[in-house]
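work07.txt follows (compact mmCIF, C-alpha atoms and all ligand atoms):
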# COMPACT_ATOMS: atom_id res chain seq x y z
CA MET A 1 81.02 75.26 94.68
CA GLN A 2 77.27 75.54 94.26
CA THR A 3 74.99 72.47 94.31
CA VAL A 4 71.82 72.52 92.21
CA SER A 5 69.19 69.83 92.02
CA THR A 6 66.79 71.10 89.34
CA VAL A 7 67.15 71.39 85.57
CA LYS A 8 65.97 75.00 85.77
CA GLU A 9 68.72 76.06 88.19
CA LEU A 10 71.32 74.11 86.24
CA ARG A 11 70.41 75.74 82.92
CA GLU A 12 70.27 79.23 84.42
CA ARG A 13 73.70 78.91 85.98
CA LEU A 14 75.27 77.45 82.83
CA ARG A 15 73.73 80.14 80.62
CA THR A 16 75.79 82.73 82.53
CA GLU A 17 79.02 80.73 82.27
CA ARG A 18 78.51 80.04 78.57
CA ALA A 19 77.77 83.71 77.88
CA GLU A 20 81.22 84.49 79.29
CA GLY A 21 82.70 82.12 76.69
CA LYS A 22 83.81 79.53 79.23
CA ARG A 23 84.79 76.02 78.14
CA ILE A 24 82.63 73.65 80.17
CA ALA A 25 83.65 70.18 81.38
CA LEU A 26 81.38 67.48 82.76
CA VAL A 27 82.35 64.66 85.14
CA PRO A 28 79.33 62.35 85.39
CA THR A 29 79.29 60.13 88.51
CA MET A 30 76.99 58.13 90.74
CA GLY A 31 78.63 59.62 93.84
CA ASN A 32 80.42 57.90 96.73
CA LEU A 33 83.52 59.47 95.29
CA HIS A 34 86.99 57.99 95.69
CA GLN A 35 90.42 58.96 94.43
CA GLY A 36 89.58 57.64 90.95
CA HIS A 37 86.69 60.10 90.58
CA LEU A 38 88.85 62.94 91.90
CA ARG A 39 91.42 62.24 89.17
CA LEU A 40 88.59 62.78 86.68
CA VAL A 41 87.83 66.13 88.29
CA GLU A 42 91.53 67.09 88.12
CA LYS A 43 91.55 66.22 84.42
CA ALA A 44 88.41 68.27 83.88
CA VAL A 45 89.91 71.27 85.70
CA ALA A 46 93.00 71.03 83.46
CA ASN A 47 90.87 70.95 80.30
CA ALA A 48 88.14 73.52 80.93
CA ASP A 49 87.30 76.86 82.53
CA PHE A 50 84.21 75.63 84.37
CA VAL A 51 83.76 72.14 85.79
CA VAL A 52 80.38 70.53 86.43
CA ALA A 53 80.12 67.18 88.25
CA SER A 54 76.89 65.23 88.42
CA ILE A 55 75.84 62.77 91.09
CA PHE A 56 72.89 60.60 90.16
CA VAL A 57 72.45 56.93 91.02
CA ASN A 58 70.80 56.10 87.72
CA PRO A 59 68.10 53.44 88.24
CA LEU A 60 67.94 52.63 84.51
CA GLN A 61 71.39 51.06 84.53
CA PHE A 62 70.66 48.64 87.40
CA GLY A 63 69.03 45.25 86.84
CA PRO A 64 66.09 44.16 89.04
CA GLN A 65 68.32 41.96 91.25
CA GLU A 66 71.16 44.47 91.50
CA ASP A 67 72.35 46.88 94.18
CA LEU A 68 70.33 50.04 93.36
CA GLU A 69 68.87 50.34 96.86
CA ARG A 70 72.09 49.74 98.77
CA TYR A 71 74.39 51.64 96.39
CA PRO A 72 76.27 54.01 98.77
CA ARG A 73 74.96 57.58 98.88
CA THR A 74 77.37 60.00 100.58
CA LEU A 75 76.39 63.45 99.28
CA ALA A 76 77.90 65.67 102.03
CA GLN A 77 81.26 63.89 101.86
CA ASP A 78 81.21 64.01 98.03
CA GLN A 79 80.46 67.75 98.04
CA ALA A 80 83.45 68.43 100.32
CA GLN A 81 85.78 66.44 98.06
CA LEU A 82 84.52 68.04 94.86
CA ARG A 83 84.94 71.49 96.37
CA ALA A 84 88.51 70.68 97.45
CA PHE A 85 89.40 69.50 93.93
CA GLY A 86 88.15 72.64 92.17
CA CYS A 87 84.74 71.57 90.87
CA ASP A 88 82.58 74.66 90.21
CA LEU A 89 79.06 73.25 90.11
CA LEU A 90 77.45 70.02 91.31
CA PHE A 91 74.24 68.78 89.71
CA ALA A 92 72.58 66.32 92.10
CA PRO A 93 69.02 65.80 90.84
CA SER A 94 66.23 63.57 92.13
CA GLU A 95 64.92 60.67 90.05
CA GLN A 96 61.69 62.61 89.40
CA GLU A 97 63.70 65.53 88.00
CA ILE A 98 65.57 63.28 85.57
CA TYR A 99 62.82 60.83 84.61
CA PRO A 100 59.52 62.75 85.01
CA GLN A 101 57.74 60.15 82.84
CA GLY A 102 58.88 57.38 85.19
CA ARG A 103 61.40 54.61 84.48
CA ASP A 104 59.12 52.85 81.99
CA GLY A 105 57.99 55.97 80.12
CA GLN A 106 61.46 57.26 79.38
CA THR A 107 62.84 57.53 75.81
CA PHE A 108 66.02 55.47 75.48
CA VAL A 109 69.26 55.85 73.59
CA GLU A 110 70.92 52.55 72.71
CA VAL A 111 74.15 51.67 70.94
CA PRO A 112 73.50 48.35 69.18
CA ALA A 113 75.48 45.09 69.35
CA ILE A 114 78.35 46.08 71.65
CA SER A 115 75.85 47.00 74.41
CA ASP A 116 74.78 43.33 74.55
CA LEU A 117 78.26 41.87 75.00
CA TYR A 118 80.47 41.29 78.06
CA CYS A 119 79.05 43.45 80.89
CA GLY A 120 75.95 43.93 78.72
CA ALA A 121 75.42 40.15 78.55
CA THR A 122 75.65 39.78 82.33
CA ARG A 123 73.65 42.97 82.96
CA PRO A 124 70.94 43.19 80.26
CA GLY A 125 69.84 46.79 79.67
CA HIS A 126 72.77 48.22 81.64
CA PHE A 127 74.38 50.09 78.76
CA ARG A 128 71.04 51.33 77.48
CA GLY A 129 70.61 52.91 80.91
CA VAL A 130 74.11 54.39 80.78
CA THR A 131 73.78 55.86 77.28
CA THR A 132 70.35 57.24 78.09
CA ILE A 133 71.51 59.11 81.20
CA VAL A 134 74.79 60.26 79.63
CA ASN A 135 72.91 61.55 76.59
CA LYS A 136 70.49 63.34 78.89
CA LEU A 137 73.34 64.91 80.90
CA PHE A 138 75.04 66.00 77.67
CA ASN A 139 71.81 67.68 76.56
CA LEU A 140 71.30 69.39 79.91
CA ILE A 141 74.86 70.58 80.42
CA GLN A 142 76.11 70.80 76.81
CA PRO A 143 79.72 70.28 77.90
CA ASP A 144 82.63 70.95 75.56
CA VAL A 145 84.44 68.04 77.18
CA ALA A 146 83.37 65.06 79.31
CA VAL A 147 85.68 62.93 81.42
CA PHE A 148 85.24 59.19 82.13
CA GLY A 149 87.34 56.53 83.85
CA ARG A 150 89.00 53.80 81.81
CA LYS A 151 88.21 51.21 84.47
CA ASP A 152 84.77 51.01 82.86
CA TYR A 153 86.45 50.23 79.55
CA GLN A 154 83.37 48.99 77.73
CA GLN A 155 81.31 51.89 79.04
CA LEU A 156 83.76 54.40 77.55
CA HIS A 157 83.75 52.47 74.26
CA VAL A 158 79.94 52.46 74.13
CA ILE A 159 79.73 56.18 74.98
CA THR A 160 82.35 56.94 72.31
CA ARG A 161 80.19 55.09 69.77
CA MET A 162 77.12 57.04 70.87
CA VAL A 163 78.93 60.36 70.49
CA GLU A 164 80.23 59.40 67.04
CA ASP A 165 76.98 57.88 65.78
CA LEU A 166 74.87 60.84 66.93
CA SER A 167 77.47 63.51 66.00
CA MET A 168 77.46 64.96 69.50
CA PRO A 169 79.67 68.04 69.83
CA VAL A 170 81.56 66.86 72.89
CA GLN A 171 85.18 65.78 73.33
CA LEU A 172 85.59 62.64 75.47
CA ILE A 173 88.61 62.16 77.69
CA GLY A 174 89.38 58.77 79.25
CA VAL A 175 91.46 58.70 82.44
CA GLY A 176 93.55 55.69 83.53
CA THR A 177 92.39 53.50 86.41
CA GLU A 178 93.36 54.60 89.89
CA ARG A 179 94.65 51.67 91.96
CA ALA A 180 95.41 50.85 95.59
CA GLU A 181 99.08 50.01 96.23
CA ASN A 182 98.24 46.31 95.93
CA GLY A 183 96.84 46.86 92.42
CA LEU A 184 93.13 46.74 93.24
CA ALA A 185 91.21 49.12 90.98
CA LEU A 186 89.36 51.70 93.09
CA SER A 187 85.60 51.29 92.90
CA SER A 188 82.62 52.34 94.98
CA ARG A 189 81.62 48.66 95.04
CA ASN A 190 84.85 47.70 96.87
CA GLY A 191 82.95 48.90 99.94
CA TYR A 192 80.86 45.68 99.72
CA LEU A 193 83.96 43.54 100.37
CA THR A 194 84.86 42.10 103.78
CA ASP A 195 88.46 42.45 105.04
CA ALA A 196 89.18 38.87 103.95
CA GLU A 197 87.77 39.55 100.46
CA LEU A 198 89.73 42.81 100.22
CA ALA A 199 92.89 40.77 100.70
CA VAL A 200 91.92 38.52 97.76
CA ALA A 201 90.49 41.21 95.43
CA PRO A 202 93.88 42.37 94.01
CA ARG A 203 94.19 38.91 92.42
CA LEU A 204 91.90 40.06 89.62
CA TYR A 205 94.38 42.64 88.35
CA ALA A 206 97.35 40.37 89.13
CA THR A 207 95.75 37.64 87.01
CA ILE A 208 95.11 39.79 83.95
CA SER A 209 98.58 41.35 84.33
CA ASP A 210 100.06 37.82 84.22
CA MET A 211 97.94 37.12 81.13
CA ALA A 212 99.35 40.29 79.52
CA SER A 213 102.93 39.14 80.19
CA THR A 214 102.21 35.67 78.77
CA LEU A 215 100.61 37.20 75.67
CA LYS A 216 103.77 39.25 75.12
CA SER A 217 105.97 36.14 75.39
CA GLY A 218 103.67 34.31 72.92
CA GLY A 219 103.12 30.57 72.50
CA GLN A 220 99.75 30.12 74.21
CA SER A 221 96.32 30.21 72.60
CA HIS A 222 93.97 32.89 73.88
CA ALA A 223 91.39 30.27 74.88
CA ASN A 224 93.97 28.38 76.94
CA LEU A 225 95.21 31.52 78.62
CA ILE A 226 91.67 32.59 79.52
CA GLU A 227 90.74 29.20 80.97
CA LYS A 228 93.87 29.04 83.12
CA ALA A 229 93.19 32.56 84.41
CA GLN A 230 89.57 31.65 85.23
CA GLN A 231 90.70 28.57 87.16
CA SER A 232 93.28 30.55 89.08
CA LEU A 233 90.64 33.14 90.07
CA GLU A 234 88.24 30.39 91.14
CA ARG A 235 90.94 28.85 93.35
CA ALA A 236 91.36 32.26 94.98
CA GLY A 237 87.63 32.41 95.79
CA PHE A 238 86.13 34.35 92.85
CA LEU A 239 83.10 33.20 90.89
CA ARG A 240 83.35 33.48 87.12
CA ASP A 241 81.75 36.15 85.03
CA TYR A 242 84.02 36.68 82.02
CA ILE A 243 87.53 37.23 80.78
CA HIS A 244 88.04 38.26 77.14
CA ILE A 245 91.01 39.17 74.98
CA LEU A 246 89.77 41.79 72.54
CA ARG A 247 90.94 44.09 69.78
CA ARG A 248 91.03 47.60 71.18
CA SER A 249 89.67 49.14 67.97
CA ASP A 250 86.21 47.54 68.07
CA MET A 251 86.23 45.50 71.31
CA LEU A 252 85.59 42.28 69.38
CA THR A 253 87.43 38.99 69.94
CA ALA A 254 91.09 39.29 69.02
CA GLY A 255 92.77 36.82 66.68
CA PRO A 256 96.45 35.79 66.71
CA GLU A 257 97.20 38.47 64.09
CA ASP A 258 95.92 41.37 66.24
CA ARG A 259 98.50 43.53 68.00
CA ASN A 260 96.62 46.21 69.96
CA LEU A 261 94.65 44.34 72.56
CA VAL A 262 92.75 44.79 75.76
CA ILE A 263 92.02 42.10 78.32
CA ILE A 264 88.74 42.76 80.11
CA ALA A 265 87.62 40.81 83.15
CA ALA A 266 84.67 40.65 85.52
CA ALA A 267 84.31 38.32 88.49
CA TYR A 268 82.19 38.00 91.60
CA LEU A 269 83.76 38.17 95.04
CA GLY A 270 81.37 37.95 97.99
CA ALA A 271 78.68 40.62 97.51
CA ALA A 272 80.68 42.53 94.88
CA ARG A 273 81.11 42.15 91.15
CA LEU A 274 84.54 43.49 90.25
CA ILE A 275 85.70 44.56 86.80
CA ASP A 276 89.13 45.45 85.51
CA ASN A 277 91.13 45.63 82.29
CA ILE A 278 94.63 45.97 80.91
CA GLU A 279 95.78 47.11 77.50
CA VAL A 280 98.45 45.01 75.77
CA ASP A 281 100.54 45.97 72.74
CA LEU A 282 102.31 43.06 71.06
O1 LIG A 301 80.43 55.32 85.49
C1 LIG A 301 79.45 55.73 86.16
O2 LIG A 301 79.57 56.11 87.33
C2 LIG A 301 78.08 55.75 85.54
O3 LIG A 301 77.87 54.67 84.70
C3 LIG A 301 77.77 57.08 84.80
C4 LIG A 301 78.69 57.29 83.62
C5 LIG A 301 77.89 58.23 85.77
C6 LIG A 301 76.33 57.04 84.26
O4 LIG A 301 75.41 56.88 85.29
As structure tokens, what does this structure read like?
Amino acid sequence: MQTVSTVKELRERLRTERAEGKRIALVPTMGNLHQGHLRLVEKAVANADFVVASIFVNPLQFGPQEDLERYPRTLAQDQAQLRAFGCDLLFAPSEQEIYPQGRDGQTFVEVPAISDLYCGATRPGHFRGVTTIVNKLFNLIQPDVAVFGRKDYQQLHVITRMVEDLSMPVQLIGVGTERAENGLALSSRNGYLTDAELAVAPRLYATISDMASTLKSGGQSHANLIEKAQQSLERAGFLRDYIHILRRSDMLTAGPEDRNLVIIAAAYLGAARLIDNIEVDL
């Protein structure tokens, strides 16, 4: 596996692969790879002839008070894992290479409305940063297929909207969340948790799984169910961010008549903000 850090090298290498008629897959990441990312690489390998991963801790998707500076950067370890899982090319650019006009001079891509809800309400500008970098990576790599994790459920929805709205010629594949045995969704930010917090963290998924079971049995209003879940998380030591019961089709608030749902949740635990989701079919 070759690692390139400049746009010039990236384009030169991909020109050769494309000329040979290869189907190219992209796995965009911010590095500090765990088993969840490696599942994305496996999916990419199964769906393409040539797999490109990117590692770029994208400053545009972090708020001013967020963890940009301390976000874990583990390039050598990531390279070894990507190589072992069959990735062909790693693009690991500097910030200057990606945003030569600086963070404030950059042209943005923004999906309206949905980008301001849920994670977008807690993290203003976050999805604008995500769609801008993903659009840029799509333009640089021109993948036939791009693979994303379903743990970031809203992110995948927003990127799907961007691809549809801008008629981008790329197939998106979503891969199910990789979990520890206790149910905790794998995330680079789990590294911020203490041992005591790690013991509590699986409660987030347990709580939304309980909500899913209750929804299937019926008889409780969504608002009631959400409030009980919030209180149970608070008793366990979490601080509230949000829990929503949404229609899967448009990620807007579900009514009692809706059948294909997703519960999305975000909560603070110590220095980490954890997110998770579960799909529910009634
Ligand atoms: O999911 C992530 O790791 C990031 O949001 C992404 C898609 C790589 C864009 O920076």
Compare A:Leu156, A:Leu261, A:Val41, A:Ile24 by their minimum atom-to-atom distance to ligand LIG 301 (chain A), counting only C-alpha atoms and all ligand atoms, and give me the closest one.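 So, comparing all the options, the nearest one is A:Leu156.
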Contact table chain A vs ligand LIG 301 (chain A), cut-off 9 Å, shortest pair per residue, all atoms listed in the file, as CSV:
residue,atom,partner,partner_atom,distance
A:Val27,CA,A:LIG301,C5,7.9
A:Pro28,CA,A:LIG301,C5,4.4
A:Thr29,CA,A:LIG301,C5,3.6
A:Met30,CA,A:LIG301,O2,4.7
A:Gly31,CA,A:LIG301,O2,7.5
A:His37,CA,A:LIG301,O2,8.8
A:Ser54,CA,A:LIG301,C5,7.6
A:Ile55,CA,A:LIG301,C5,7.3
A:Phe56,CA,A:LIG301,O4,6.6
A:Val57,CA,A:LIG301,O4,6.4
A:Asn58,CA,A:LIG301,O4,5.3
A:Pro59,CA,A:LIG301,O4,8.6
A:Leu60,CA,A:LIG301,O4,8.6
A:Gln61,CA,A:LIG301,O4,7.1
A:His126,CA,A:LIG301,O3,8.8
A:Phe127,CA,A:LIG301,O3,8.3
A:Gly129,CA,A:LIG301,O4,7.6
A:Val130,CA,A:LIG301,C6,4.9
A:Thr131,CA,A:LIG301,C6,7.5
A:Thr132,CA,A:LIG301,C6,8.6
A:Ile133,CA,A:LIG301,C6,6.1
A:Val134,CA,A:LIG301,C6,5.8
A:Phe148,CA,A:LIG301,C4,7.0
A:Gly149,CA,A:LIG301,O1,7.2
A:Lys151,CA,A:LIG301,O1,8.9
A:Asp152,CA,A:LIG301,O1,6.7
A:Gln155,CA,A:LIG301,O3,7.2
A:Leu156,CA,A:LIG301,C4,8.4
A:Ile159,CA,A:LIG301,C4,8.8
Could you jot down the CA of Gln65 (chain A) to CA of His157 (chain A) separation for me, Å, one decimal place? 25.2 Å
Identify the residues around (91.3, 65.3, 84.6) within a radius of 10 Å, measuring from all atoms listed in the file in the coordinates stated by the file, and give them as number ranges by chain. A: 25, 27, 37-48, 146-149, 173-176
Selection to disk with C-alpha atoms, as a short mmCIF file (atom, residue, chain, number, x, y, z; two decimals), keeping the file's coordinate frame:
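Dumped to part.cif:
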data_model
loop_
_atom_site.label_atom_id
_atom_site.label_comp_id
_atom_site.auth_asym_id
_atom_site.auth_seq_id
_atom_site.Cartn_x
_atom_site.Cartn_y
_atom_site.Cartn_z
CA ALA A 25 83.65 70.18 81.38
CA VAL A 27 82.35 64.66 85.14
CA HIS A 37 86.69 60.10 90.58
CA LEU A 38 88.85 62.94 91.90
CA ARG A 39 91.42 62.24 89.17
CA LEU A 40 88.59 62.78 86.68
CA VAL A 41 87.83 66.13 88.29
CA GLU A 42 91.53 67.09 88.12
CA LYS A 43 91.55 66.22 84.42
CA ALA A 44 88.41 68.27 83.88
CA VAL A 45 89.91 71.27 85.70
CA ALA A 46 93.00 71.03 83.46
CA ASN A 47 90.87 70.95 80.30
CA ALA A 48 88.14 73.52 80.93
CA ALA A 146 83.37 65.06 79.31
CA VAL A 147 85.68 62.93 81.42
CA PHE A 148 85.24 59.19 82.13
CA GLY A 149 87.34 56.53 83.85
CA ILE A 173 88.61 62.16 77.69
CA GLY A 174 89.38 58.77 79.25
CA VAL A 175 91.46 58.70 82.44
CA GLY A 176 93.55 55.69 83.53
#
Extract, using only C-alpha atoms, all DNA, RNA and protein residues at most 7 Å from region 203-208 of chain A, discarding same-chain residues fewer than 4 positions from it, and format them as a VMD selection string. chain A and resid 183 to 184 212 229 263 276 278
Given the choices A:Thr6, A:Gln79, A:Arg240, A:Val52, which gets closest to Ile98 (chain A) if the distance is worked out from only C-alpha atoms?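 Looking only at the distances to Ile98 (chain A), the closest residue turns out to be A:Thr6.
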I need every residue sitting at most 12 Å from the point (85.3, 41.0, 81.7) (coordinates as in the file, only C-alpha atoms considered), written as a VMD selection string. chain A and resid 117 to 123 151 to 155 204 to 205 208 226 229 to 230 240 to 246 251 262 to 268 273 to 278
Let me have the centre and edge lengths in Å, one decimal, of the box along x, y and z around every listed atom of region 162-177 of chain A with 8 Å of margin on each side, as AutoDock Vina command-line options.
--center_x 84.2 --center_y 60.8 --center_z 76.1 --size_x 34.7 --size_y 30.5 --size_z 36.6
From the set A:Leu186, A:Leu282, A:Asp250, A:Asp78, which residue has the shortest atom-to-atom contact distance to Ser217 (chain A), counting all atoms listed in the file?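 Once distances to Ser217 (chain A) are computed over all atoms listed in the file, the minimum belongs to A:Leu282.
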Given the choices A:Val280, A:Val158, A:Met1, A:Val163, which gets closest to Met211 (chain A) if the distance is worked out from all atoms listed in the file?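 Closest candidate: A:Val280.
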CA of Asn135 (chain A) and CA of Asn260 (chain A) are how many Å apart?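 Calculated distance between CA of Asn135 (chain A) and CA of Asn260 (chain A) is 29.0 Å.
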Any idea what the distance is between CA of Thr214 (chain A) and CA of Asn190 (chain A)?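 Between CA of Thr214 (chain A) and CA of Asn190 (chain A) the gap is 27.8 Å.
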May I ask which of the residues A:Phe50, A:Phe138, A:Phe108, A:Tyr192 is the closest one to Leu89 (chain A), counting only C-alpha atoms?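 Using only C-alpha atoms, Leu89 (chain A) sits closest to A:Phe50.
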Of the residues A:Phe85, A:Phe91, A:Phe238, A:Tyr99, which is the one nearest to Ala201 (chain A), using only C-alpha atoms?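 Of A:Phe85, A:Phe91, A:Phe238, A:Tyr99, the one nearest Ala201 (chain A) is A:Phe238, counting only C-alpha atoms.
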Contacts of Gln35 (chain A) at 10 Å or less, counting all atoms listed in the file, minus same-chain residues fewer than 6 places along, as a PyMOL selection string? chain A and resi 41+81+177-180+186-187
What lies within 12 Å of Lys8 (chain A) using all atoms listed in the file, ignoring chain neighbours under 4 positions off, as an MDAnalysis selection string? chainID A and resid 4 12:15 91 93 97:98 140:141
